[in-house]
Structures are given as C-alpha cells and as structure tokens.
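**Student:** Okay, so here is query.json, and as you'll see once you scroll down, it has JSON, C-alpha atoms.
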[["chain", "number", "residue", "atom", "x", "y", "z"],
["M", 235, "MET", "CA", 76.05, 25.86, 10.89],
["M", 236, "THR", "CA", 75.16, 28.90, 13.00],
["M", 237, "ASP", "CA", 72.05, 30.75, 11.84],
["M", 238, "GLU", "CA", 73.11, 34.40, 11.96],
["M", 239, "TYR", "CA", 69.57, 35.46, 11.06],
["M", 240, "ALA", "CA", 67.73, 33.47, 13.74],
["M", 241, "GLU", "CA", 66.90, 36.62, 15.72],
["M", 242, "SER", "CA", 66.37, 39.02, 12.82],
["M", 243, "ALA", "CA", 64.61, 36.90, 10.19],
["M", 244, "GLU", "CA", 61.16, 38.39, 10.79],
["M", 245, "TYR", "CA", 62.56, 41.88, 10.06],
["M", 246, "ILE", "CA", 64.57, 41.13, 6.92],
["M", 247, "ASP", "CA", 61.86, 41.04, 4.26],
["M", 248, "ILE", "CA", 60.29, 44.26, 5.53],
["M", 249, "LEU", "CA", 63.53, 46.19, 5.79],
["M", 250, "ILE", "CA", 65.28, 44.98, 2.63],
["M", 251, "SER", "CA", 62.57, 46.27, 0.29],
["M", 252, "PRO", "CA", 64.28, 49.66, -0.34],
["M", 253, "PHE", "CA", 67.41, 47.83, -1.46],
["M", 254, "TRP", "CA", 65.51, 45.84, -4.07],
["M", 255, "ASP", "CA", 63.76, 48.96, -5.36],
["M", 256, "ASP", "CA", 67.21, 50.16, -6.54],
["M", 257, "PHE", "CA", 69.02, 46.92, -7.30],
["M", 258, "GLY", "CA", 66.18, 44.75, -8.64],
["M", 259, "PRO", "CA", 65.85, 46.55, -12.01],
["M", 260, "VAL", "CA", 69.63, 46.44, -12.55],
["M", 261, "LEU", "CA", 69.68, 42.71, -11.82],
["M", 262, "ALA", "CA", 66.76, 42.18, -14.20],
["M", 263, "ASP", "CA", 68.52, 44.11, -16.98],
["M", 264, "ALA", "CA", 71.69, 42.08, -16.43],
["M", 265, "ILE", "CA", 69.96, 38.73, -16.83],
["M", 266, "LYS", "CA", 66.78, 39.12, -18.88],
["M", 267, "ALA", "CA", 68.59, 38.83, -22.21],
["M", 268, "ILE", "CA", 70.19, 35.54, -21.14],
["M", 269, "ASP", "CA", 68.83, 32.24, -22.38],
["M", 270, "PRO", "CA", 70.54, 30.16, -19.69],
["M", 271, "ALA", "CA", 71.81, 26.77, -20.88],
["M", 272, "GLY", "CA", 71.33, 25.38, -17.41],
["M", 273, "PRO", "CA", 69.57, 26.13, -14.14],
["M", 274, "VAL", "CA", 69.86, 29.40, -12.22],
["M", 275, "ILE", "CA", 71.38, 29.43, -8.72],
["M", 276, "ASP", "CA", 70.35, 32.13, -6.23],
["M", 277, "ILE", "CA", 73.02, 32.08, -3.49],
["M", 278, "GLY", "CA", 71.77, 33.30, -0.12],
["M", 279, "ALA", "CA", 68.26, 33.77, -1.44],
["M", 280, "GLY", "CA", 67.08, 35.18, 1.89],
["M", 281, "SER", "CA", 63.36, 35.90, 2.01],
["M", 282, "GLY", "CA", 63.06, 35.55, -1.76],
["M", 283, "CYS", "CA", 63.11, 39.09, -3.17],
["M", 284, "GLY", "CA", 65.90, 38.22, -5.59],
["M", 285, "THR", "CA", 64.34, 34.87, -6.44],
["M", 286, "LEU", "CA", 61.16, 36.65, -7.52],
["M", 287, "ALA", "CA", 63.17, 39.15, -9.59],
["M", 288, "ILE", "CA", 65.01, 36.30, -11.32],
["M", 289, "GLY", "CA", 61.76, 34.43, -11.94],
["M", 290, "ASP", "CA", 60.15, 37.50, -13.52],
["M", 291, "ALA", "CA", 63.17, 38.24, -15.72],
["M", 292, "LEU", "CA", 63.61, 34.61, -16.82],
["M", 293, "PRO", "CA", 60.06, 33.19, -16.97],
["M", 294, "MET", "CA", 61.15, 29.77, -18.26],
["M", 295, "ALA", "CA", 64.24, 29.16, -16.13],
["M", 296, "GLU", "CA", 64.58, 26.53, -13.43],
["M", 297, "ILE", "CA", 65.89, 28.12, -10.21],
["M", 298, "PHE", "CA", 67.70, 26.67, -7.22],
["M", 299, "ALA", "CA", 67.33, 29.06, -4.25],
["M", 300, "VAL", "CA", 70.03, 28.31, -1.66],
["M", 301, "GLU", "CA", 69.28, 29.58, 1.85],
["M", 302, "PRO", "CA", 70.74, 28.02, 5.02],
["M", 303, "SER", "CA", 68.83, 30.22, 7.51],
["M", 304, "ALA", "CA", 65.66, 28.44, 8.65],
["M", 305, "GLY", "CA", 63.88, 31.71, 9.45],
["M", 306, "LEU", "CA", 64.63, 33.31, 6.10],
["M", 307, "ARG", "CA", 63.91, 30.05, 4.30],
["M", 308, "SER", "CA", 60.39, 29.92, 5.74],
["M", 309, "ALA", "CA", 59.70, 33.36, 4.24],
["M", 310, "LEU", "CA", 61.31, 32.26, 0.96],
["M", 311, "LEU", "CA", 59.18, 29.13, 0.72],
["M", 312, "ALA", "CA", 56.00, 31.09, 1.50],
["M", 313, "LYS", "CA", 56.85, 33.64, -1.17],
["M", 314, "VAL", "CA", 57.55, 31.01, -3.82],
["M", 315, "ASN", "CA", 54.41, 29.06, -2.90],
["M", 316, "ALA", "CA", 52.31, 32.20, -3.30],
["M", 317, "HIS", "CA", 53.39, 32.57, -6.96],
["M", 318, "GLU", "CA", 51.97, 29.91, -9.24],
["M", 319, "SER", "CA", 54.53, 30.78, -11.93],
["M", 320, "LEU", "CA", 57.37, 29.88, -9.54],
["M", 321, "ARG", "CA", 55.96, 26.94, -7.62],
["M", 322, "ASP", "CA", 56.94, 24.30, -10.18],
["M", 323, "ARG", "CA", 60.36, 25.67, -11.12],
["M", 324, "VAL", "CA", 61.99, 26.89, -7.87],
["M", 325, "THR", "CA", 63.74, 24.37, -5.64],
["M", 326, "VAL", "CA", 64.74, 25.65, -2.19],
["M", 327, "LEU", "CA", 67.94, 24.15, -0.75],
["M", 328, "PRO", "CA", 68.70, 24.44, 3.00],
["M", 329, "GLU", "CA", 72.47, 23.97, 2.82],
["M", 330, "GLY", "CA", 75.21, 26.53, 2.35],
["M", 331, "PHE", "CA", 76.20, 27.12, -1.28],
["M", 332, "LEU", "CA", 79.45, 25.14, -1.06],
["M", 333, "GLU", "CA", 77.68, 22.22, 0.63],
["M", 334, "ALA", "CA", 74.61, 22.12, -1.62],
["M", 335, "GLU", "CA", 74.15, 19.45, -4.27],
["M", 336, "LEU", "CA", 74.05, 21.53, -7.46],
["M", 337, "PRO", "CA", 73.69, 20.66, -11.15],
["M", 338, "ASP", "CA", 76.86, 20.02, -13.15],
["M", 339, "ARG", "CA", 76.02, 22.83, -15.60],
["M", 340, "LEU", "CA", 74.91, 26.29, -14.46],
["M", 341, "GLY", "CA", 73.40, 28.93, -16.71],
["M", 342, "LEU", "CA", 73.37, 31.78, -14.21],
["M", 343, "VAL", "CA", 74.53, 32.32, -10.63],
["M", 344, "VAL", "CA", 73.24, 35.28, -8.58],
["M", 345, "ALA", "CA", 74.92, 36.31, -5.31],
["M", 346, "MET", "CA", 73.34, 39.51, -4.00],
["M", 347, "ASN", "CA", 74.27, 40.83, -0.55],
["M", 348, "VAL", "CA", 76.06, 37.62, 0.31],
["M", 349, "ILE", "CA", 79.69, 37.51, -0.84],
["M", 350, "GLY", "CA", 80.96, 38.95, 2.46],
["M", 351, "HIS", "CA", 79.74, 35.84, 4.27],
["M", 352, "PHE", "CA", 82.50, 33.86, 2.52],
["M", 353, "SER", "CA", 86.18, 33.85, 3.51],
["M", 354, "SER", "CA", 88.90, 34.26, 0.89],
["M", 355, "ALA", "CA", 89.43, 30.46, 0.83],
["M", 356, "GLU", "CA", 85.70, 29.88, 0.37],
["M", 357, "ARG", "CA", 85.58, 32.48, -2.40],
["M", 358, "ARG", "CA", 88.35, 30.61, -4.23],
["M", 359, "ASP", "CA", 86.20, 27.48, -4.06],
["M", 360, "ILE", "CA", 83.26, 29.45, -5.48],
["M", 361, "TRP", "CA", 85.31, 30.84, -8.37],
["M", 362, "LYS", "CA", 86.65, 27.35, -9.11],
["M", 363, "LEU", "CA", 83.10, 26.00, -9.21],
["M", 364, "LEU", "CA", 82.00, 28.79, -11.56],
["M", 365, "ALA", "CA", 84.97, 28.18, -13.87],
["M", 366, "GLU", "CA", 84.09, 24.50, -14.06],
["M", 367, "ARG", "CA", 80.30, 24.66, -14.29],
["M", 368, "LEU", "CA", 79.24, 27.92, -15.96],
["M", 369, "ALA", "CA", 77.73, 27.06, -19.33],
["M", 370, "PRO", "CA", 79.10, 28.78, -22.44],
["M", 371, "GLY", "CA", 77.52, 32.23, -22.44],
["M", 372, "GLY", "CA", 76.57, 31.86, -18.77],
["M", 373, "ARG", "CA", 77.41, 34.41, -16.13],
["M", 374, "ALA", "CA", 77.29, 35.22, -12.45],
["M", 375, "VAL", "CA", 75.98, 38.49, -11.02],
["M", 376, "LEU", "CA", 76.96, 39.84, -7.62],
["M", 377, "ASN", "CA", 77.36, 43.07, -5.69],
["M", 378, "LEU", "CA", 80.08, 44.38, -3.39],
["M", 379, "GLN", "CA", 78.70, 46.17, -0.37],
["M", 380, "PRO", "CA", 80.64, 49.05, 1.15],
["M", 381, "PRO", "CA", 82.93, 49.51, 2.90],
["M", 382, "SER", "CA", 85.77, 47.72, 1.13],
["M", 383, "GLU", "CA", 88.30, 48.73, 3.81],
["M", 384, "ALA", "CA", 88.51, 47.96, 7.52],
["M", 385, "VAL", "CA", 87.11, 51.17, 9.01],
["M", 386, "ASP", "CA", 84.80, 52.04, 11.87],
["M", 387, "ILE", "CA", 81.20, 52.64, 10.82],
["M", 388, "PRO", "CA", 79.27, 54.75, 13.36],
["M", 389, "GLU", "CA", 75.74, 53.68, 14.19],
["M", 390, "ALA", "CA", 73.11, 54.90, 11.75],
["M", 391, "LEU", "CA", 69.59, 54.06, 10.69],
["M", 392, "ALA", "CA", 69.91, 51.40, 7.99],
["M", 393, "SER", "CA", 66.26, 50.87, 7.08],
["M", 394, "THR", "CA", 62.73, 51.36, 8.33],
["M", 395, "GLY", "CA", 59.26, 50.27, 7.29],
["M", 396, "SER", "CA", 55.70, 50.12, 8.62],
["M", 397, "ILE", "CA", 52.99, 47.48, 8.62],
["M", 398, "GLY", "CA", 49.67, 48.39, 10.16],
["M", 399, "ARG", "CA", 50.18, 50.30, 13.40],
["M", 400, "ARG", "CA", 53.73, 49.11, 13.92],
["M", 401, "ARG", "CA", 57.01, 50.48, 12.63],
["M", 402, "TYR", "CA", 60.13, 48.38, 12.17],
["M", 403, "GLU", "CA", 63.68, 49.65, 11.99],
["M", 404, "CYS", "CA", 67.28, 48.49, 11.85],
["M", 405, "ARG", "CA", 70.24, 50.48, 13.12],
["M", 406, "ALA", "CA", 73.75, 49.32, 12.21],
["M", 407, "ARG", "CA", 77.36, 49.97, 13.19],
["M", 408, "ALA", "CA", 80.59, 48.12, 12.40],
["M", 409, "GLU", "CA", 84.15, 47.82, 13.68],
["M", 410, "PRO", "CA", 87.28, 46.22, 12.19],
["M", 411, "THR", "CA", 88.09, 42.85, 13.75],
["M", 412, "GLY", "CA", 91.30, 41.88, 11.92],
["M", 413, "ASP", "CA", 92.09, 39.47, 9.08],
["M", 414, "GLY", "CA", 90.18, 41.60, 6.59],
["M", 415, "THR", "CA", 86.85, 41.42, 8.38],
["M", 416, "LEU", "CA", 84.34, 43.76, 9.97],
["M", 417, "THR", "CA", 81.96, 42.87, 12.74],
["M", 418, "TRP", "CA", 78.52, 44.35, 12.13],
["M", 419, "HIS", "CA", 76.31, 45.08, 15.11],
["M", 420, "MET", "CA", 72.63, 45.33, 14.18],
["M", 421, "THR", "CA", 69.80, 46.50, 16.42],
["M", 422, "TYR", "CA", 66.27, 45.68, 15.27],
["M", 423, "ARG", "CA", 63.34, 47.43, 16.95],
["M", 424, "THR", "CA", 59.57, 47.27, 16.68],
["M", 425, "TYR", "CA", 57.66, 50.43, 17.61],
["M", 426, "GLN", "CA", 54.02, 51.00, 18.43],
["M", 427, "GLY", "CA", 53.72, 54.75, 18.39],
["M", 428, "ASP", "CA", 56.81, 55.96, 20.26],
["M", 429, "ASP", "CA", 57.12, 52.84, 22.39],
["M", 430, "VAL", "CA", 59.64, 50.07, 21.67],
["M", 431, "VAL", "CA", 57.68, 46.81, 22.00],
["M", 432, "ASP", "CA", 60.44, 44.47, 20.79],
["M", 433, "GLN", "CA", 64.21, 44.69, 20.33],
["M", 434, "ARG", "CA", 66.72, 42.21, 18.91],
["M", 435, "GLU", "CA", 70.50, 42.63, 18.73],
["M", 436, "VAL", "CA", 72.63, 40.64, 16.28],
["M", 437, "SER", "CA", 76.36, 40.65, 15.48],
["M", 438, "TYR", "CA", 78.07, 38.90, 12.59],
["M", 439, "SER", "CA", 81.40, 38.89, 10.79],
["M", 440, "TRP", "CA", 81.74, 40.21, 7.24],
["M", 441, "HIS", "CA", 84.72, 39.51, 4.95],
["M", 442, "LEU", "CA", 85.88, 42.59, 3.08],
["M", 443, "VAL", "CA", 86.65, 42.43, -0.62],
["M", 444, "ALA", "CA", 87.39, 45.36, -2.95],
["M", 445, "GLU", "CA", 87.03, 45.39, -6.73],
["M", 446, "PRO", "CA", 90.79, 45.03, -7.51],
["M", 447, "GLN", "CA", 91.04, 42.06, -5.15],
["M", 448, "LEU", "CA", 87.94, 40.46, -6.63],
["M", 449, "ARG", "CA", 89.23, 40.99, -10.16],
["M", 450, "ASP", "CA", 92.54, 39.33, -9.24],
["M", 451, "GLU", "CA", 90.86, 36.35, -7.56],
["M", 452, "LEU", "CA", 88.65, 35.81, -10.60],
["M", 453, "ALA", "CA", 91.54, 36.10, -13.06],
["M", 454, "GLN", "CA", 93.38, 33.34, -11.21],
["M", 455, "ALA", "CA", 90.34, 31.11, -11.78],
["M", 456, "GLY", "CA", 90.03, 32.01, -15.47],
["M", 457, "LEU", "CA", 87.09, 34.37, -14.94],
["M", 458, "ARG", "CA", 86.51, 37.98, -15.93],
["M", 459, "LEU", "CA", 84.78, 40.82, -14.04],
["M", 460, "HIS", "CA", 82.45, 43.33, -15.76],
["M", 461, "PRO", "CA", 81.04, 46.36, -13.88],
["M", 462, "LEU", "CA", 77.33, 46.95, -14.42],
["M", 463, "GLU", "CA", 75.72, 50.35, -14.86],
["M", 464, "PRO", "CA", 75.13, 52.41, -12.81],
["M", 465, "THR", "CA", 78.55, 51.70, -11.34],
["M", 466, "ASP", "CA", 77.79, 53.39, -8.01],
["M", 467, "LEU", "CA", 75.63, 50.39, -7.07],
["M", 468, "GLY", "CA", 78.70, 48.14, -7.03],
["M", 469, "MET", "CA", 77.14, 45.41, -9.17],
["M", 470, "TYR", "CA", 79.18, 43.15, -11.45],
["M", 471, "ALA", "CA", 78.82, 40.34, -13.94],
["M", 472, "ILE", "CA", 81.32, 37.48, -14.03],
["M", 473, "THR", "CA", 82.01, 35.47, -17.18],
["M", 474, "ARG", "CA", 84.47, 32.83, -18.27],
["M", 475, "THR", "CA", 87.43, 34.23, -20.19]]
Would you mind writing the structure in this file as structure tokens?

**Tutor:**
Amino acid sequence: MTDEYAESAEYIDILISPFWDDFGPVLADAIKAIDPAGPVIDIGAGSGCGTLAIGDALPMAEIFAVEPSAGLRSALLAKVNAHESLRDRVTVLPEGFLEAELPDRLGLVVAMNVIGHFSSAERRDIWKLLAERLAPGGRAVLNLQPPSEAVDIPEALASTGSIGRRRYECRARAEPTGDGTLTWHMTYRTYQGDDVVDQREVSYSWHLVAEPQLRDELAQAGLRLHPLEPTDLGMYAITRT
C-alpha cells in the first residue's frame, strides 16, 4: 500500500488543529450519549486528534484506531501513549480498514476526513460491513468534504500554524481527473521568518461523493443517513434501518 502521507506526516497534526476545533465538539455531541455495545473503530485515525476526542467522549470504550500511514501512526501512538486514560484501551492497527482484523460486533465507527480515500466499490464493502456488524443502537459518524462535484479548485492557503520560531503552512489546489475523482495537489512549507527552509509537494486522488449518492448507497445496504447539526459542517450519522 502506498503511503500518501509519507512526505507530509510531520505537518498534519500541526495543520489539522483548526479543523478539530470546529468538528471535534460536534463529533463529541454525536457520540457521548452512546453506550456502545461493542468496540469503537476510528477509521483513518491519522495523528490521533479524533481518537482523543472519542476517548474523552466515551471514557469507558475500547477503541481500535486504524491508520495505514507509518508517519501518521507514529504520531498517533505517541499521542495515545501520552494519555494514561487511553493507553490500556486503544489498539492501533497498521492495515487499511477493509484489511484490518476487526471485532465481529461494533458499537461505533468514526470516519472523519477519510471517506474520499475509498472508491465506490470499497464504500459498498464498508456499508456491507456496517450492516452486518453494527450493534443494535450502534452508529457510524462521518463527514463529506467539499467539493462534491468534479470542479477545478484554485490554489489557496488551507492551513497554517506556528511552533517556536517556525511557521508551517499548507497550500492546496485540485483538478478533476475523471471517474468521479479529483487530484489534490498539496504544497507544505516551513518558514523561518520570511525564508522557506523546507518544502514538500504531495498529490493524491480523492473519490467524490455527494449526500444523495451516499444516501442511496446506504439504503441499498439497509442503512440510514442522518445529517448532524450544524448541517454546514457536512457531518452525518449512519444507523441500521
């Protein structure tokens, strides 16, 4: 499996923080009332921001954090190890979600910022797995990232953050590449003052999915889609019908 984050992993945790400032509380509200009758799966756990949010919202739950990128996984493991409340109940898996050995019964599945990594055929396999393994009363929570249509996205500053004397930034642009995908082109830079002291460029494919398409795919698997408030964040819960 190609590690699409091999070049950018050191930037991700720094630059994704603004996202979790907005989305973390919504995720917590969507799951904190759940008493999951089974483990929690964090798909594409990245550097662990979502794993920590899940652990705080569900202080007794066992969590499987699935992250195939070695660079992101090292940050994830360090973050889990630094929290005594998580160390004994978070298991980090290095495979992709569809290749990982998962429990037969799942109480909650979280897939933040990750669904576009899966093709339509892979999504069907995910929905089938959820329909078979979600415990009664269980749910999945995911988000759909814009755009949902194949359009050109001009380059813009996506995120920036500072640590000590250095500033880190990501600039992003995208172009349609056919078959319902975009190719994102990301440029990561490290600045000291006004000088660029490091630069990494990464491109990866992203599968587009809009809400009506997602709703139809889920219905075919016997699952139901529920928008979460505020709806402009594009977050949804998925339950069995």

**Student:** What's around M:Thr417 at 7 Å? Count all atoms listed in the file, leave out sequence neighbours fewer than 6 positions away in its own chain, and write the answer as a PyMOL selection string.

**Tutor:** chain M and resi 408-411+437-440

**Student:** Have a look at M:Leu320, M:Leu442, M:Val375, M:Val431 and name the one nearest to M:Tyr402; count all atoms listed in the file.

**Tutor:**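 Of the candidates, the smallest distance to M:Tyr402 is held by M:Val431.
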
**Student:** Which residues are near M:Ala271? Cut-off 8 Å, all atoms listed in the file, ignore same chain within fewer than 5 positions. Put them as a ChimeraX atom specification.

**Tutor:** /M:339-341,369-370,372

**Student:** Mind writing the picked residues with C-alpha atoms as a PDB file, in the coordinates of the input?

**Tutor:**
ATOM      1  CA  ARG M 339      76.020  22.830 -15.600  1.00  0.00           C
ATOM      2  CA  LEU M 340      74.910  26.290 -14.460  1.00  0.00           C
ATOM      3  CA  GLY M 341      73.400  28.930 -16.710  1.00  0.00           C
ATOM      4  CA  ALA M 369      77.730  27.060 -19.330  1.00  0.00           C
ATOM      5  CA  PRO M 370      79.100  28.780 -22.440  1.00  0.00           C
ATOM      6  CA  GLY M 372      76.570  31.860 -18.770  1.00  0.00           C
TER       7      GLY M 372
END

**Student:** Counting only C-alpha atoms, what is within 9 Å of stretch 294-308 of chain M, bar same-chain residues fewer than 2 positions away, as a ChimeraX atom specification?

**Tutor:** /M:235-244,246-247,269-270,272-282,285,288-289,292,310-313,320,322-331,334,336

**Student:** Would you work out the distance separating atom CA of M:Ala287 from atom CA of M:Ala262, expressed in Å to one decimal?

**Tutor:**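 Going from atom CA of M:Ala287 over to atom CA of M:Ala262 covers 6.6 Å.
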
**Student:** Report as a VMD selection string all protein, DNA and RNA residues lying within 6 Å of M:Arg423, evaluated on only C-alpha atoms, omitting residues in the same chain fewer than 6 positions from it.

**Tutor:** chain M and resid 402 to 403 432 to 433

**Student:** Interatomic distance between atom CA of M:Arg407 and atom CA of M:Ala471?

**Tutor:** 28.8 Å

**Student:** Can you tell me, as a list of chain:residue names, what residues are no more than 7 Å from stretch 359-365 of chain M when counting all atoms listed in the file, ignoring any on the same chain fewer than 3 positions away?

**Tutor:**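 Surrounding residues, per the criterion: M:Ala355, M:Glu356, M:Leu368, M:Leu452, M:Ala455, M:Gly456, M:Leu457, M:Arg474.
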
**Student:** Write the residues of the preceding selection, restricted to C-alpha atoms, as an mmCIF file, keeping the file's coordinate frame.

**Tutor:**
data_model
loop_
_atom_site.group_PDB
_atom_site.id
_atom_site.type_symbol
_atom_site.label_atom_id
_atom_site.label_comp_id
_atom_site.auth_asym_id
_atom_site.auth_seq_id
_atom_site.Cartn_x
_atom_site.Cartn_y
_atom_site.Cartn_z
ATOM 1 C CA ALA M 355 89.430 30.460 0.830
ATOM 2 C CA GLU M 356 85.700 29.880 0.370
ATOM 3 C CA LEU M 368 79.240 27.920 -15.960
ATOM 4 C CA LEU M 452 88.650 35.810 -10.600
ATOM 5 C CA ALA M 455 90.340 31.110 -11.780
ATOM 6 C CA GLY M 456 90.030 32.010 -15.470
ATOM 7 C CA LEU M 457 87.090 34.370 -14.940
ATOM 8 C CA ARG M 474 84.470 32.830 -18.270
#

**Student:** Could you state the separation of atom CA of M:Ala444 and atom CA of M:Ala374 in Å, given to one decimal place?

**Tutor:**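 Atom-to-atom, atom CA of M:Ala444 to atom CA of M:Ala374, that is 17.2 Å.
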
**Student:** So which one's closest to M:Glu366, M:Ala267, M:Trp254, M:Thr475, M:Glu435? Using only C-alpha atoms, please.

**Tutor:**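 Between M:Ala267, M:Trp254, M:Thr475, M:Glu435, the residue approaching M:Glu366 most closely is M:Thr475.
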
**Student:** Using all atoms listed in the file for the distances, tell me which of M:Ala384, M:Ile265, M:Cys283, M:Leu459 is nearest to M:Ser251.

**Tutor:** M:Cys283

**Student:** Using the structure block above, produce a file of stretch 241-260 of chain M that contains N, CA and C atoms, as a CSV table (one decimal), in the first residue's frame.

**Tutor:**
chain,number,residue,atom,x,y,z
M,241,GLU,N,5.4,12.0,2.9
M,241,GLU,CA,6.1,13.3,2.8
M,241,GLU,C,5.5,14.4,3.7
M,242,SER,N,4.3,14.2,4.0
M,242,SER,CA,3.6,15.3,4.8
M,242,SER,C,3.2,15.0,6.2
M,243,ALA,N,3.6,13.8,6.7
M,243,ALA,CA,3.1,13.4,8.0
M,243,ALA,C,3.5,14.4,9.1
M,244,GLU,N,4.7,14.9,9.0
M,244,GLU,CA,5.1,15.8,10.1
M,244,GLU,C,4.3,17.1,10.2
M,245,TYR,N,3.6,17.4,9.1
M,245,TYR,CA,2.8,18.7,9.1
M,245,TYR,C,1.4,18.5,9.6
M,246,ILE,N,0.9,17.2,9.4
M,246,ILE,CA,-0.5,17.0,9.6
M,246,ILE,C,-1.1,17.4,10.9
M,247,ASP,N,-0.5,17.0,12.0
M,247,ASP,CA,-1.0,17.2,13.3
M,247,ASP,C,-1.1,18.7,13.6
M,248,ILE,N,0.0,19.5,13.2
M,248,ILE,CA,0.0,20.9,13.4
M,248,ILE,C,-1.1,21.6,12.6
M,249,LEU,N,-1.3,21.2,11.3
M,249,LEU,CA,-2.2,22.0,10.5
M,249,LEU,C,-3.6,21.5,10.5
M,250,ILE,N,-3.9,20.4,11.1
M,250,ILE,CA,-5.3,19.9,11.2
M,250,ILE,C,-6.0,20.4,12.5
M,251,SER,N,-5.3,21.0,13.3
M,251,SER,CA,-5.9,21.5,14.6
M,251,SER,C,-7.1,22.4,14.4
M,252,PRO,N,-7.1,23.4,13.4
M,252,PRO,CA,-8.3,24.2,13.3
M,252,PRO,C,-9.5,23.4,12.9
M,253,PHE,N,-9.3,22.4,12.1
M,253,PHE,CA,-10.4,21.5,11.7
M,253,PHE,C,-11.1,20.9,13.0
M,254,TRP,N,-10.3,20.4,13.9
M,254,TRP,CA,-10.8,19.7,15.1
M,254,TRP,C,-11.4,20.7,16.1
M,255,ASP,N,-11.0,22.0,16.0
M,255,ASP,CA,-11.7,23.0,16.8
M,255,ASP,C,-13.1,23.1,16.5
M,256,ASP,N,-13.5,23.0,15.2
M,256,ASP,CA,-14.9,23.1,14.8
M,256,ASP,C,-15.6,21.8,14.8
M,257,PHE,N,-15.0,20.7,14.4
M,257,PHE,CA,-15.6,19.4,14.2
M,257,PHE,C,-15.6,18.5,15.5
M,258,GLY,N,-14.6,18.7,16.3
M,258,GLY,CA,-14.5,17.9,17.5
M,258,GLY,C,-15.7,18.0,18.4
M,259,PRO,N,-16.2,19.2,18.7
M,259,PRO,CA,-17.4,19.2,19.6
M,259,PRO,C,-18.6,18.6,19.0
M,260,VAL,N,-18.8,18.7,17.7
M,260,VAL,CA,-19.9,18.1,17.0
M,260,VAL,C,-19.8,16.6,17.1
